[in-house]
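Coordinates as given in run25.csv (CSV, C-alpha atoms):
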```
chain,number,residue,atom,x,y,z
A,1,MET,CA,117.3,60.9,122.4
A,2,LYS,CA,114.3,63.1,121.3
A,3,ASP,CA,113.6,63.6,117.7
A,4,ALA,CA,114.2,67.3,117.9
A,5,GLU,CA,117.7,66.7,119.3
A,6,ILE,CA,118.9,64.5,116.5
A,7,GLN,CA,122.0,65.9,114.8
A,8,LEU,CA,124.6,64.2,112.6
A,9,LYS,CA,128.2,64.9,113.5
A,10,GLN,CA,130.6,65.9,110.8
A,11,ASP,CA,133.2,63.2,111.7
A,12,GLY,CA,132.8,59.5,111.5
A,13,LEU,CA,132.1,57.0,108.7
A,14,CYS,CA,129.7,58.0,106.0
A,15,PHE,CA,128.4,55.7,103.2
A,16,TRP,CA,128.3,52.0,103.4
A,17,ASP,CA,131.0,50.2,101.5
A,18,GLY,CA,130.1,49.9,97.8
A,19,LEU,CA,127.3,52.5,97.8
A,20,LEU,CA,129.2,55.0,95.7
A,21,ASN,CA,131.8,54.4,93.0
A,22,ASP,CA,135.6,55.1,93.6
A,23,ARG,CA,135.5,58.4,91.8
A,24,ALA,CA,132.7,59.7,94.0
A,25,ARG,CA,134.4,58.4,97.2
A,26,ASN,CA,137.6,60.1,96.3
A,27,THR,CA,135.9,63.4,95.6
A,28,LEU,CA,134.1,63.2,99.0
A,29,GLY,CA,137.3,62.4,100.7
A,30,LYS,CA,138.8,65.7,99.6
A,31,LEU,CA,136.0,67.9,100.9
A,32,GLY,CA,137.5,68.4,104.4
A,33,SER,CA,136.1,71.6,106.0
A,34,LYS,CA,134.0,72.3,102.9
A,35,ALA,CA,131.6,69.5,103.9
A,36,THR,CA,128.2,70.6,105.3
A,37,ARG,CA,126.2,69.1,108.1
A,38,LEU,CA,122.6,67.9,108.5
A,39,ASP,CA,120.3,68.7,111.4
A,40,LEU,CA,116.8,67.5,111.8
A,41,ALA,CA,114.3,70.0,110.6
A,42,SER,CA,111.3,71.1,112.5
A,43,GLU,CA,108.0,70.7,110.7
A,44,ASP,CA,107.8,74.4,110.1
A,45,GLU,CA,111.3,74.5,108.6
A,46,ALA,CA,110.5,71.5,106.4
A,47,LEU,CA,107.3,73.0,105.1
A,48,ASP,CA,109.0,76.3,104.5
A,49,PHE,CA,111.8,74.8,102.4
A,50,PHE,CA,109.4,72.6,100.5
A,51,ALA,CA,107.4,75.7,99.6
A,52,ARG,CA,110.5,77.6,98.4
A,53,ALA,CA,111.7,74.6,96.4
A,54,SER,CA,108.2,74.1,94.8
A,55,GLU,CA,108.6,77.5,93.1
A,56,ASN,CA,111.0,75.8,90.6
A,57,LEU,CA,110.1,72.1,91.1
A,58,THR,CA,106.9,70.0,91.1
A,59,LEU,CA,106.7,68.7,94.7
A,60,ALA,CA,104.2,67.2,97.1
A,61,ALA,CA,101.4,69.3,98.5
A,62,GLU,CA,101.7,70.6,102.1
A,63,ALA,CA,99.0,68.3,103.3
A,64,SER,CA,100.8,65.2,101.9
A,65,ILE,CA,104.1,66.3,103.5
A,66,ARG,CA,102.3,66.8,106.9
A,67,ARG,CA,100.9,63.2,106.6
A,68,MET,CA,104.4,61.8,106.0
A,69,LEU,CA,105.9,63.8,108.9
A,70,HIS,CA,103.1,62.7,111.2
A,71,LYS,CA,104.1,59.0,110.7
A,72,ASN,CA,107.8,59.7,110.8
A,73,PRO,CA,109.0,63.1,111.9
A,74,ASN,CA,112.7,62.3,110.9
A,75,LEU,CA,112.3,62.7,107.2
A,76,VAL,CA,113.6,66.2,106.5
A,77,HIS,CA,117.0,67.6,107.5
A,78,VAL,CA,118.4,71.1,107.2
A,79,ILE,CA,121.7,71.7,105.6
A,80,ARG,CA,124.2,74.0,107.5
A,81,ARG,CA,127.8,74.8,107.1
A,82,GLU,CA,128.5,74.6,110.8
A,83,ASN,CA,126.6,73.8,114.0
A,84,GLY,CA,124.1,76.6,114.7
A,85,GLY,CA,124.7,78.3,111.4
A,86,PRO,CA,122.0,79.5,109.0
A,87,ALA,CA,119.9,77.0,107.1
A,88,LEU,CA,121.2,76.8,103.5
A,89,GLY,CA,118.9,74.1,102.2
A,90,LEU,CA,117.3,70.8,103.0
A,91,PHE,CA,117.7,67.1,102.3
A,92,ALA,CA,114.6,64.8,102.6
A,93,CYS,CA,114.6,61.0,102.4
A,94,LEU,CA,112.0,58.3,102.8
A,95,PRO,CA,113.0,55.2,104.9
A,96,LEU,CA,111.0,52.6,103.0
A,97,ASN,CA,109.3,49.5,104.2
A,98,GLU,CA,108.9,46.5,101.8
A,99,PHE,CA,105.7,48.0,100.4
A,100,GLY,CA,107.3,51.3,99.6
A,101,ALA,CA,110.4,49.7,98.0
A,102,ALA,CA,108.2,47.4,96.0
A,103,SER,CA,106.1,50.4,94.8
A,104,ILE,CA,109.3,51.8,93.2
A,105,ALA,CA,110.4,48.5,91.8
A,106,ASN,CA,106.9,47.9,90.3
A,107,GLY,CA,106.5,51.4,88.9
A,108,GLN,CA,103.8,52.6,91.3
A,109,PHE,CA,105.7,55.3,93.2
A,110,ASP,CA,105.1,59.0,92.8
A,111,GLY,CA,107.2,61.3,95.1
A,112,THR,CA,104.8,64.2,94.4
A,113,ASN,CA,101.9,62.2,95.9
A,114,PRO,CA,103.6,60.3,98.8
A,115,ASP,CA,101.8,57.6,100.8
A,116,PRO,CA,102.7,57.1,104.5
A,117,ALA,CA,102.1,53.4,103.9
A,118,TRP,CA,105.5,53.4,102.1
A,119,ILE,CA,107.6,54.4,105.1
A,120,VAL,CA,108.7,52.9,108.4
A,121,ARG,CA,108.1,54.7,111.6
A,122,SER,CA,110.9,56.4,113.6
A,123,GLY,CA,113.2,53.8,115.1
A,124,GLU,CA,112.2,51.0,112.6
A,125,THR,CA,114.8,49.7,110.2
A,126,PRO,CA,114.0,50.4,106.5
A,127,VAL,CA,114.6,47.8,103.7
A,128,ALA,CA,115.5,50.6,101.3
A,129,ILE,CA,115.8,54.4,101.2
A,130,TYR,CA,114.5,56.9,98.7
A,131,GLU,CA,116.1,60.3,98.3
A,132,TRP,CA,113.0,62.4,98.2
A,133,LEU,CA,114.3,65.9,97.8
A,134,PHE,CA,117.6,67.8,97.8
A,135,TYR,CA,117.3,71.6,97.8
A,136,GLY,CA,120.6,73.5,98.1
A,137,PRO,CA,122.2,75.0,95.0
A,138,GLY,CA,125.9,73.9,94.8
A,139,LEU,CA,125.7,71.9,98.0
A,140,TYR,CA,124.9,68.4,96.8
A,141,LEU,CA,128.5,66.9,96.8
A,142,LYS,CA,129.4,68.8,100.0
A,143,THR,CA,126.4,67.3,101.8
A,144,MET,CA,127.0,63.7,100.7
A,145,PRO,CA,129.2,62.7,103.7
A,146,ALA,CA,126.4,63.8,106.0
A,147,VAL,CA,123.8,62.0,103.9
A,148,GLY,CA,125.9,58.8,104.2
A,149,ARG,CA,126.0,59.2,108.0
A,150,LEU,CA,122.2,59.7,108.0
A,151,TYR,CA,121.8,56.5,106.1
A,152,ARG,CA,124.0,54.7,108.7
A,153,SER,CA,121.8,56.1,111.5
A,154,LEU,CA,118.7,54.8,109.8
A,155,SER,CA,120.1,51.3,109.3
A,156,GLN,CA,123.3,49.6,110.5
A,157,VAL,CA,122.9,47.2,107.6
A,158,ASP,CA,123.3,48.5,104.1
A,159,CYS,CA,120.3,48.6,101.9
A,160,PRO,CA,119.4,49.8,98.4
A,161,VAL,CA,119.1,53.5,97.9
A,162,PHE,CA,116.7,54.9,95.2
A,163,SER,CA,116.6,58.4,93.8
A,164,LYS,CA,115.3,60.3,90.8
A,165,GLY,CA,116.9,63.4,89.3
A,166,THR,CA,114.5,66.3,89.1
A,167,THR,CA,116.6,68.0,86.4
A,168,ASP,CA,118.8,66.8,83.6
A,169,PHE,CA,121.9,67.9,85.5
A,170,SER,CA,120.9,66.1,88.7
A,171,ALA,CA,120.0,62.9,86.7
A,172,ARG,CA,123.5,62.9,85.1
A,173,LEU,CA,125.1,63.6,88.5
A,174,LEU,CA,123.5,60.6,90.1
A,175,LEU,CA,124.7,58.3,87.4
A,176,SER,CA,128.2,59.7,87.8
A,177,LEU,CA,128.2,58.9,91.5
A,178,GLY,CA,127.5,55.2,90.8
A,179,PHE,CA,123.7,55.0,90.6
A,180,LEU,CA,122.3,52.7,88.0
A,181,GLU,CA,119.1,53.0,86.0
A,182,ALA,CA,116.5,51.2,88.2
A,183,ARG,CA,115.1,49.4,85.2
A,184,THR,CA,118.3,47.4,84.8
A,185,ILE,CA,117.5,45.7,88.1
A,186,TYR,CA,113.8,46.2,88.4
A,187,PRO,CA,112.3,46.0,84.9
A,188,ASN,CA,109.0,47.5,85.9
A,189,ALA,CA,110.4,50.6,87.5
A,190,GLN,CA,109.5,54.0,86.0
A,191,GLU,CA,111.9,55.8,83.7
A,192,GLY,CA,114.2,58.2,85.5
A,193,PHE,CA,114.5,56.3,88.8
A,194,VAL,CA,118.0,55.2,89.7
A,195,VAL,CA,119.2,52.8,92.3
A,196,VAL,CA,122.5,51.8,94.0
A,197,LEU,CA,123.0,48.5,95.7
A,198,PRO,CA,125.7,48.3,98.4
A,199,GLN,CA,128.0,45.3,98.3
A,200,CYS,CA,126.0,43.2,100.7
A,201,SER,CA,122.4,44.3,99.9
A,202,ASP,CA,121.5,42.4,96.7
A,203,SER,CA,119.2,40.2,98.7
A,204,TRP,CA,116.4,42.7,98.5
A,205,SER,CA,116.4,42.7,94.7
A,206,THR,CA,116.0,38.9,95.0
A,207,LYS,CA,112.8,39.4,97.0
A,208,LEU,CA,111.3,41.1,94.0
A,209,SER,CA,112.6,38.8,91.3
A,210,GLY,CA,111.2,35.7,93.0
A,211,LYS,CA,108.1,35.3,95.1
A,212,ARG,CA,108.5,35.1,98.9
A,213,THR,CA,107.6,31.7,100.3
A,214,GLU,CA,107.0,31.0,104.0
A,215,VAL,CA,105.8,27.8,105.8
A,216,ARG,CA,104.1,28.4,109.1
A,217,GLN,CA,102.4,26.2,111.7
A,218,VAL,CA,98.7,26.9,112.3
A,219,ARG,CA,98.2,28.6,115.6
A,220,SER,CA,95.0,30.5,115.2
A,221,PHE,CA,91.4,30.0,113.9
A,222,GLU,CA,92.2,32.3,111.0
A,223,GLU,CA,95.2,30.2,110.0
A,224,LEU,CA,93.0,27.1,110.2
A,225,ALA,CA,90.5,28.9,107.9
A,226,HIS,CA,93.4,29.2,105.5
A,227,VAL,CA,93.8,25.4,105.6
A,228,ILE,CA,90.1,25.0,104.9
A,229,SER,CA,90.2,27.4,102.0
A,230,ILE,CA,93.2,25.7,100.4
A,231,ARG,CA,91.7,22.2,100.7
A,232,SER,CA,88.3,23.4,99.5
A,233,ALA,CA,90.0,25.0,96.4
A,234,THR,CA,91.9,21.8,95.7
A,235,TYR,CA,90.2,18.6,96.9
A,236,LEU,CA,86.6,19.8,96.9
A,237,ALA,CA,86.9,21.7,93.7
A,238,GLU,CA,89.0,19.2,91.7
A,239,GLN,CA,88.3,15.8,93.1
A,240,PHE,CA,84.6,16.2,94.1
A,241,PRO,CA,84.6,14.3,97.4
A,242,LEU,CA,81.8,14.8,99.8
A,243,TYR,CA,82.4,17.6,102.4
A,244,SER,CA,82.3,15.0,105.2
A,245,GLU,CA,85.0,13.0,103.4
A,246,GLU,CA,87.4,15.9,103.1
A,247,PHE,CA,86.7,17.5,106.5
A,248,ASP,CA,86.7,14.2,108.5
A,249,GLY,CA,86.8,15.4,112.1
A,250,ASN,CA,90.6,15.0,112.4
A,251,ASP,CA,91.6,18.6,111.8
A,252,PHE,CA,91.3,19.4,115.5
A,253,CYS,CA,93.6,16.6,116.6
A,254,ALA,CA,96.3,17.3,114.0
A,255,THR,CA,99.3,19.6,113.4
A,256,HIS,CA,98.8,21.8,110.3
A,257,LEU,CA,101.4,23.6,108.3
A,258,VAL,CA,100.4,26.3,105.8
A,259,GLY,CA,102.6,27.6,103.0
A,260,TYR,CA,102.3,31.2,102.0
A,261,ILE,CA,103.5,32.7,98.7
A,262,ASP,CA,103.8,36.5,98.8
A,263,GLY,CA,101.4,36.3,101.8
A,264,ASP,CA,98.7,34.3,100.1
A,265,PRO,CA,97.7,30.9,101.6
A,266,ALA,CA,98.9,28.6,98.8
A,267,GLY,CA,99.3,25.2,100.3
A,268,ALA,CA,98.8,23.0,103.4
A,269,ILE,CA,99.7,19.7,105.0
A,270,ARG,CA,98.8,18.0,108.2
A,271,MET,CA,100.3,15.5,110.6
A,272,ARG,CA,98.7,13.1,113.0
A,273,TYR,CA,100.4,10.9,115.6
A,274,PHE,CA,100.1,7.3,116.6
A,275,GLY,CA,102.0,4.9,118.8
A,276,ASP,CA,105.2,4.5,116.8
A,277,PHE,CA,104.6,6.5,113.7
A,278,ALA,CA,103.4,9.8,112.4
A,279,LYS,CA,100.9,10.1,109.5
A,280,VAL,CA,101.6,12.8,107.0
A,281,GLU,CA,98.5,13.6,104.9
A,282,ARG,CA,96.2,16.1,103.2
A,283,LEU,CA,99.0,17.7,101.2
A,284,ALA,CA,97.3,20.4,99.0
A,285,VAL,CA,98.7,23.2,96.8
A,286,LYS,CA,96.4,25.5,95.0
A,287,LEU,CA,96.4,25.2,91.2
A,288,GLU,CA,98.1,28.5,90.5
A,289,TYR,CA,101.1,27.7,92.7
A,290,ARG,CA,101.8,24.1,91.5
A,291,LYS,CA,104.8,25.2,89.4
A,292,SER,CA,106.5,26.4,92.6
A,293,ARG,CA,108.4,24.2,95.0
A,294,LEU,CA,105.9,24.8,97.8
A,295,ALA,CA,104.8,21.2,97.9
A,296,PHE,CA,108.4,20.0,98.5
A,297,GLN,CA,108.9,22.7,101.2
A,298,LEU,CA,105.7,21.6,103.0
A,299,VAL,CA,106.8,17.9,103.0
A,300,LYS,CA,110.3,18.8,104.1
A,301,ALA,CA,108.9,20.9,107.0
A,302,ALA,CA,106.4,18.2,108.0
A,303,VAL,CA,109.1,15.6,108.2
A,304,ALA,CA,111.4,17.9,110.2
A,305,HIS,CA,108.5,18.5,112.6
A,306,VAL,CA,107.7,14.9,113.3
A,307,ARG,CA,111.4,14.0,113.7
A,308,ARG,CA,111.7,16.7,116.3
A,309,LYS,CA,108.7,15.1,118.1
A,310,GLY,CA,110.7,11.9,118.2
A,311,PHE,CA,109.2,9.9,115.4
A,312,THR,CA,111.4,7.9,113.1
A,313,ARG,CA,108.7,6.3,111.0
A,314,VAL,CA,106.3,8.1,108.7
A,315,TYR,CA,103.2,6.6,107.1
A,316,GLY,CA,100.8,7.9,104.5
A,317,HIS,CA,98.6,7.3,101.4
A,318,ALA,CA,99.9,8.4,98.0
A,319,SER,CA,98.1,8.7,94.7
A,320,ALA,CA,100.2,8.6,91.5
A,321,GLU,CA,100.3,12.4,91.6
A,322,ILE,CA,101.6,12.6,95.2
A,323,ALA,CA,104.1,9.7,95.0
A,324,PRO,CA,107.1,12.0,94.0
A,325,PHE,CA,106.8,13.9,97.2
A,326,TRP,CA,106.9,10.7,99.3
A,327,LYS,CA,110.0,9.6,97.4
A,328,LEU,CA,111.5,13.0,98.3
A,329,MET,CA,111.7,11.9,102.0
A,330,GLY,CA,112.9,8.4,101.2
A,331,ALA,CA,109.5,6.7,101.3
A,332,SER,CA,108.5,3.6,99.3
A,333,LYS,CA,105.4,1.5,98.8
A,334,MET,CA,104.8,-0.9,101.7
A,335,GLU,CA,105.4,-4.5,100.8
A,336,ASN,CA,102.6,-6.9,100.5
A,337,ARG,CA,99.9,-4.2,100.7
A,338,LYS,CA,97.4,-3.9,97.9
A,339,PRO,CA,96.3,-0.5,96.5
A,340,PHE,CA,93.0,0.7,98.0
A,341,ARG,CA,90.4,3.3,97.0
A,342,PHE,CA,88.5,6.1,98.7
A,343,ALA,CA,86.7,9.1,97.2
A,344,ASN,CA,87.0,7.5,93.8
A,345,ILE,CA,90.9,7.6,93.8
A,346,GLU,CA,93.4,4.8,94.1
A,347,TYR,CA,96.0,5.0,96.7
A,348,HIS,CA,99.1,3.1,97.8
A,349,GLU,CA,100.3,2.8,101.4
A,350,MET,CA,103.7,4.4,101.8
A,351,GLY,CA,106.3,4.3,104.6
A,352,ALA,CA,109.6,5.9,105.4
A,353,GLU,CA,112.2,5.2,108.0
A,354,LEU,CA,113.8,8.5,109.2
A,355,GLU,CA,117.1,9.1,111.0
A,356,PRO,CA,116.5,10.0,114.6
A,357,ASP,CA,116.7,13.7,115.4
A,358,PRO,CA,119.3,14.2,118.1
A,359,LEU,CA,117.2,17.2,119.4
A,360,ALA,CA,114.0,15.2,119.6
A,361,ILE,CA,111.7,16.0,122.5
A,362,ARG,CA,111.7,12.7,124.5
A,363,TYR,CA,110.4,11.4,127.8
A,364,GLY,CA,112.3,13.2,130.6
A,365,ALA,CA,112.7,16.5,128.8
A,366,ALA,CA,112.7,19.6,130.9
A,367,PRO,CA,109.2,20.4,132.0
A,368,MET,CA,109.0,23.9,130.6
A,369,VAL,CA,110.1,22.6,127.2
A,370,THR,CA,107.0,20.3,127.0
A,371,ILE,CA,104.7,23.2,128.1
A,372,ARG,CA,105.8,25.5,125.2
A,373,PRO,CA,103.7,25.9,122.1
A,374,GLU,CA,103.9,23.1,119.5
A,375,GLY,CA,106.9,23.5,117.3
A,376,LEU,CA,108.4,26.4,119.4
A,377,TRP,CA,110.2,24.2,121.8
A,378,ASP,CA,113.3,26.4,121.7
A,379,GLU,CA,111.5,29.7,122.2
A,380,PRO,CA,110.3,31.1,125.6
A,381,GLY,CA,106.5,30.7,126.0
A,382,ALA,CA,104.0,32.7,128.0
A,383,LEU,CA,104.5,30.4,131.0
A,384,ASP,CA,108.3,30.8,130.8
A,385,TRP,CA,107.8,34.5,131.2
A,386,SER,CA,105.5,34.0,134.2
A,387,ASN,CA,108.6,32.8,136.1
A,388,ILE,CA,110.4,36.0,135.2
A,389,VAL,CA,107.8,38.7,135.4
A,390,SER,CA,105.5,38.0,138.3
A,391,ASP,CA,102.0,39.5,138.8
A,392,PRO,CA,101.4,40.2,142.5
A,393,MET,CA,97.7,40.8,142.0
A,394,ARG,CA,97.2,37.4,140.4
A,395,ALA,CA,99.3,35.7,143.1
A,396,GLU,CA,97.1,37.3,145.8
A,397,LEU,CA,93.9,36.3,144.0
A,398,MET,CA,95.2,32.7,143.7
A,399,ILE,CA,96.0,32.6,147.4
A,400,ALA,CA,92.6,34.1,148.3
A,401,GLY,CA,90.7,31.7,146.1
A,402,SER,CA,92.5,28.6,147.3
A,403,ARG,CA,91.2,26.3,150.0
A,404,SER,CA,94.1,27.3,152.3
A,405,GLY,CA,93.3,31.0,151.8
A,406,ALA,CA,89.6,30.4,152.5
A,407,SER,CA,90.3,28.7,155.7
```
Entire entry expressed as structure tokens:
Amino acid sequence: MKDAEIQLKQDGLCFWDGLLNDRARNTLGKLGSKATRLDLASEDEALDFFARASENLTLAAEASIRRMLHKNPNLVHVIRRENGGPALGLFACLPLNEFGAASIANGQFDGTNPDPAWIVRSGETPVAIYEWLFYGPGLYLKTMPAVGRLYRSLSQVDCPVFSKGTTDFSARLLLSLGFLEARTIYPNAQEGFVVVLPQCSDSWSTKLSGKRTEVRQVRSFEELAHVISIRSATYLAEQFPLYSEEFDGNDFCATHLVGYIDGDPAGAIRMRYFGDFAKVERLAVKLEYRKSRLAFQLVKAAVAHVRRKGFTRVYGHASAEIAPFWKLMGASKMENRKPFRFANIEYHEMGAELEPDPLAIRYGAAPMVTIRPEGLWDEPGALDWSNIVSDPMRAELMIAGSRSGAS
């Protein structure tokens, strides 16, 4: 369906469960034929209504509105009483990405100076929605069912909705519908912003109250650079080994995991493989992240990885500082082995016996499984797709270049 053809029918479900309070839902349920509809506005209609509304309100400049519509043309809808009827007003909302939602929660959002970086493109699912502008005297409640259907069209999964009253009356109206002052959930939000969290959408508020942590396997030179930066900031900066001692030539024959906190490379670990055991080593977490649980997450992910590769025995070297992480995976000091030193630090040899992973990749596994990228054995790889989507030109070149083709 083309953008210009998008219309919201007057029938069907409106708001997600829990978005409005019972009083508001009862009121909307009694509107019947009085309810209005929303039709997607053309850019000229949108700019015209914004200009009219700006006579009484402080709104974004025309150039800013054009920039927003250039990224997502589905932001502004015209209010009508019936299909094909005259335009009575407009409703504009911003489908926010994580950056946009975080900008509200952190007090850095200004609807009069909008940034296209805040919003998703047409067809992408927002993590939150901001009610940018409602212009239609006496039509707010009558348009709410259509607004609810618009939200459902933007995301099948409920998400937080932010708003801000432009007048004292509209601010009181939002609170009466079930919105809460945003500061009660996001302490850094600006005064005047309100938010409502549907019954199943409190997970997004959790994203802001706690830092987002992710552990990924290194698959690119840039990610390997993250490993180098982390270990330089920890081992080289804090333990003063020689460069050749820290970067020992084994990084290109190992599996590396990197832990990211809010996107920042914060910790790393590597695994190497021998006949009947895997060696887990070079665990490093940058100083500013050591109060997090990232070290435990890295060790847990490393153990899961080597188990999937079929190893049931893990070996490593632990200083007094690292010993708790070895105990986390059931490791203990190896018997009859004396402590030893390197780079001016004393270490103990540690070992752990692991339960076999029933899904371990073993001899006799399907050939395409062992071809797939390391750690992604359950996902289709590029060579899997080569069996589904063939390239006739490449096939002809291969035949032409082969010995049989040359003869």
Considering only C-alpha atoms, give me a table of residues in region 161-252 of chain A that are at most 10 Å from region 130-144 of chain A, with the closest atom pair and distance in Å for each, as a Markdown table.
```
| residue | atom | partner | partner_atom | distance |
| --- | --- | --- | --- | --- |
| A:Val161 | CA | A:Tyr130 | CA | 5.8 |
| A:Phe162 | CA | A:Tyr130 | CA | 4.6 |
| A:Ser163 | CA | A:Glu131 | CA | 4.9 |
| A:Lys164 | CA | A:Glu131 | CA | 7.5 |
| A:Gly165 | CA | A:Leu133 | CA | 9.2 |
| A:Thr166 | CA | A:Leu133 | CA | 8.7 |
| A:Ser170 | CA | A:Tyr140 | CA | 9.3 |
| A:Leu173 | CA | A:Leu141 | CA | 9.6 |
| A:Leu177 | CA | A:Leu141 | CA | 9.6 |
| A:Phe193 | CA | A:Tyr130 | CA | 9.9 |
| A:Val194 | CA | A:Tyr130 | CA | 9.8 |
| A:Val195 | CA | A:Tyr130 | CA | 8.9 |
```
Those residues you just picked out, can you put them in a file as a CSV table (one decimal), in the coordinates of the input with C-alpha atoms?
```
chain,number,residue,atom,x,y,z
A,161,VAL,CA,119.1,53.5,97.9
A,162,PHE,CA,116.7,54.9,95.2
A,163,SER,CA,116.6,58.4,93.8
A,164,LYS,CA,115.3,60.3,90.8
A,165,GLY,CA,116.9,63.4,89.3
A,166,THR,CA,114.5,66.3,89.1
A,170,SER,CA,120.9,66.1,88.7
A,173,LEU,CA,125.1,63.6,88.5
A,177,LEU,CA,128.2,58.9,91.5
A,193,PHE,CA,114.5,56.3,88.8
A,194,VAL,CA,118.0,55.2,89.7
A,195,VAL,CA,119.2,52.8,92.3
```
(message) Could you list, as a list of chain:residue names, every residue within 8 Å of region 351-357 of chain A, counting only C-alpha atoms and ignoring same-chain residues fewer than 3 positions away?
(response) A:Arg307, A:Arg308, A:Gly310, A:Phe311, A:Thr312, A:Arg313, A:Val314, A:Tyr315, A:Gly316, A:Met329, A:Gly330, A:Ala331, A:Ser332, A:Lys333, A:Met334, A:Ala360
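Counting all atoms listed in the file and comparing A:Ala254, A:Ala146, A:Met350, A:Tyr260, the residue that lies closest to Lys338 (chain A) is A:Met350.
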(request) In Å, rounded to a single decimal, give me how far CA of Ile361 (chain A) is from CA of His305 (chain A). (result) 10.7 Å
I'd like the contact shell of Gly263 (chain A) - 10 Å cut-off, only C-alpha atoms, skipping same-chain residues fewer than 5 positions apart - returned as an mmCIF file with C-alpha atoms, in the coordinates of the input.
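Final file, selection_28.cif:
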```
data_model
loop_
_atom_site.group_PDB
_atom_site.id
_atom_site.type_symbol
_atom_site.label_atom_id
_atom_site.label_comp_id
_atom_site.auth_asym_id
_atom_site.auth_seq_id
_atom_site.Cartn_x
_atom_site.Cartn_y
_atom_site.Cartn_z
ATOM 1 C CA LYS A 211 108.100 35.300 95.100
ATOM 2 C CA ARG A 212 108.500 35.100 98.900
ATOM 3 C CA THR A 213 107.600 31.700 100.300
ATOM 4 C CA GLU A 214 107.000 31.000 104.000
#
```
(request) Determine the nearest neighbour of Leu376 (chain A) from the options A:Lys309, A:Asn56, A:Glu396, A:Trp118, counting all atoms listed in the file. (result)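 Nearest candidate to Leu376 (chain A) out of A:Lys309, A:Asn56, A:Glu396, A:Trp118: A:Lys309.
For the set A:Leu257, A:Val306, A:Met398, A:Leu287, the residue with the smallest atom-to-atom gap to Ala237 (chain A) is A:Leu287, counting all atoms listed in the file.
Minimum distance to Pro241 (chain A) across A:Ala343, A:Ala266, A:Val280, A:Leu175 (counting only C-alpha atoms) occurs at A:Ala343.
The coordinates place CA of Ser103 (chain A) at 17.7 Å from CA of Thr125 (chain A).
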(request) Calculate how many Å separate CA of Ala365 (chain A) from CA of Met271 (chain A), rounding to one decimal. (result) 22.0 Å
(message) So, with only C-alpha atoms as the atoms that count, which of A:Ala46, A:Ser153, A:Gly192, A:His77 lies closest to Asp110 (chain A)?
(response)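 Among the listed residues, the smallest separation from Asp110 (chain A) belongs to A:Gly192.
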Reconstruct region 315-327 of chain A at the level of N, CA and C atoms, and format the result as an mmCIF file, in the coordinates of the input.
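out26.cif written:
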```
data_model
loop_
_atom_site.group_PDB
_atom_site.id
_atom_site.type_symbol
_atom_site.label_atom_id
_atom_site.label_comp_id
_atom_site.auth_asym_id
_atom_site.auth_seq_id
_atom_site.Cartn_x
_atom_site.Cartn_y
_atom_site.Cartn_z
ATOM 1 N N TYR A 315 104.118 7.397 107.859
ATOM 2 C CA TYR A 315 103.200 6.600 107.100
ATOM 3 C C TYR A 315 102.226 7.542 106.355
ATOM 4 N N GLY A 316 101.772 7.111 105.192
ATOM 5 C CA GLY A 316 100.800 7.900 104.500
ATOM 6 C C GLY A 316 100.228 7.188 103.289
ATOM 7 N N HIS A 317 99.315 7.854 102.595
ATOM 8 C CA HIS A 317 98.600 7.300 101.400
ATOM 9 C C HIS A 317 98.977 8.186 100.230
ATOM 10 N N ALA A 318 99.425 7.578 99.153
ATOM 11 C CA ALA A 318 99.900 8.400 98.000
ATOM 12 C C ALA A 318 99.144 7.918 96.741
ATOM 13 N N SER A 319 98.575 8.893 96.064
ATOM 14 C CA SER A 319 98.100 8.700 94.700
ATOM 15 C C SER A 319 99.283 8.769 93.771
ATOM 16 N N ALA A 320 99.060 8.464 92.505
ATOM 17 C CA ALA A 320 100.200 8.600 91.500
ATOM 18 C C ALA A 320 100.721 9.977 91.482
ATOM 19 N N GLU A 321 99.863 10.974 91.683
ATOM 20 C CA GLU A 321 100.300 12.400 91.600
ATOM 21 C C GLU A 321 101.173 12.766 92.789
ATOM 22 N N ILE A 322 100.904 12.187 93.959
ATOM 23 C CA ILE A 322 101.600 12.600 95.200
ATOM 24 C C ILE A 322 102.851 11.748 95.432
ATOM 25 N N ALA A 323 102.984 10.628 94.746
ATOM 26 C CA ALA A 323 104.100 9.700 95.000
ATOM 27 C C ALA A 323 105.475 10.393 94.952
ATOM 28 N N PRO A 324 105.748 11.336 94.024
ATOM 29 C CA PRO A 324 107.100 12.000 94.000
ATOM 30 C C PRO A 324 107.440 12.662 95.305
ATOM 31 N N PHE A 325 106.463 13.205 95.990
ATOM 32 C CA PHE A 325 106.800 13.900 97.200
ATOM 33 C C PHE A 325 107.104 12.920 98.354
ATOM 34 N N TRP A 326 106.515 11.726 98.298
ATOM 35 C CA TRP A 326 106.900 10.700 99.300
ATOM 36 C C TRP A 326 108.307 10.229 99.009
ATOM 37 N N LYS A 327 108.664 10.066 97.755
ATOM 38 C CA LYS A 327 110.000 9.600 97.400
ATOM 39 C C LYS A 327 111.045 10.674 97.886
#
```
